[in-house]
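Q: For reference, the structure I am asking about is given below.
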Amino acid sequence: MISLRTRGVRPRRLGPAVAVALLAATVSMGAVGAPGSAQADPAAEEGRTLVVLGDSFAANPACDGVLVKCEGDKNASAYGCSQRDTSWPVQLSVLMGVAGTPDFENATCTNASIDTGPVTSTGEELPGRDGYTLSQLAIKAAANGAFGPRTKVVALQLGANDAWPRDSATAADAPTQLMCAFNMEQGCDVDTAAAQDRWPRLDAITGQAYAERVRKVVDYVKYFAPNARIQLVGYPELAPADSTTWCLDVAGVARYVQPRAGAIDEFWNRLDAAEREAARLLSIDFVDARAATAGHGLCSADPWLLGVLDPKVNLVGLPFHPSPRGDAAVAAAAFAGVG
């Protein structure tokens, strides 16, 4: 990180455009560049109270790709990301008293990742990997004057759409997870799915690896929002830690069960453990969303996760993403750590 103090510059004196340029210079930009200029009202230069950077588990859009297309998730001039009004960031903003105000910056987008781009270092093009990266979300938030001395909470929820290891061609994003889960012939076992390049390498998901991938943005936030509590928000329970089964309710009347889903369940176990360790390494907070939603995974009697076209919860929504009740539990867990 560039040491601005050696140049006699205090963070709070920097306008949004300068902050954006500095962030762009210190993080991996990926496919989307920083805006050439930024306009924000003077008060915004002091930062927004609540800032959330996250993927579809945070945005939780009212789309499913079937009844309602998930379009507009990537737009060079705006977020262009659909966000449900019951998502945990919105519910957290209500708890913090900033809902619907400029003091809430909701930089969450479907298909967002930490740093997984559409092309590997070997030149392999991977369709579908066109979501924002963490650095790109942070750049857009900075352009809106999100980070400053008034910022109280910056929450991050990312990692589920990333390739593990970093430059791999395989990520456990929603399409990959569904294909592995619905493969009744081969299953999605720990010993076979990764070996067949159908699943990420589980041993690559470590706290050290996770921390290094988010460190530059975390360091940036620590500098420009020195009074903010930085929260790394874990993912809700999709299955108990010892489970090897994966389920999905369909239309509220039937349940699909994959009994050979060890690789899927272990992925979420490893990601949870990596986030906890990364938070410790980075000296930031970890929000235990798994504990807050324990007992309400996909195969439970009372899932706090969406099925497919379930009229009892949300007819339209991304499968295995949080229901409003699940989002409420995660928002409450995050709020409990605000202090």
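Letters A, B, ... go to the chains of the structure tokens in the order shown; residues in each chain start at 1; ligands are counted from 1 in the same order.
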Find the residues near Ala301 in chain A: any atom within 12 Å, counting only C-alpha atoms, skip ones fewer than 4 places away on the same chain, and give them as number ranges by chain.
A: A: 239, 247-249, 255, 295-297, 305
Q: Pull the strand (DSSP E or B) assignments for range 85-273 of chain A out of DSSP run on the backbone, and list those residues as a VMD selection string.
A: chain A and resid 104 to 108 113 119 125 133 153 to 157 163 171 229 to 233 246 to 250 254 to 258
Q: I'd like a table as CSV: residues in range 184-280 of chain A with an atom no more than 12 Å from range 100-122 of chain A, each row giving the shortest atom pair and its distance in Å to one decimal, only C-alpha atoms counted, sorted by chain and rising residue number.
A:
```
residue,atom,partner,partner_atom,distance
A:Ala209,CA,A:Ile114,CA,11.4
A:Tyr210,CA,A:Ile114,CA,8.9
A:Ala211,CA,A:Ile114,CA,10.6
A:Glu212,CA,A:Ile114,CA,10.5
A:Arg213,CA,A:Ile114,CA,6.8
A:Val214,CA,A:Ile114,CA,6.8
A:Arg215,CA,A:Ile114,CA,10.5
A:Lys216,CA,A:Ile114,CA,11.1
A:Val217,CA,A:Ile114,CA,10.0
A:Val218,CA,A:Ile114,CA,11.7
```
Q: Residues of range 86-201 of chain A classed as helix (DSSP H, G or I) by DSSP on the backbone are to be reported as number ranges by chain.
A: A: 88-95, 134-143, 174-181
Q: I need the residue nearest Gly307 in chain A from this list: A:Ala59, A:Val190, A:Val250, A:Ala334. Use only C-alpha atoms for the distance.
A: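 Ranking A:Ala59, A:Val190, A:Val250, A:Ala334 by distance to Gly307 in chain A, first place goes to A:Val250.
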Q: May I ask for the distance between CA of Ala333 in chain A and CA of Asp272 in chain A, given in Å to one decimal place?
A: 15.3 Å
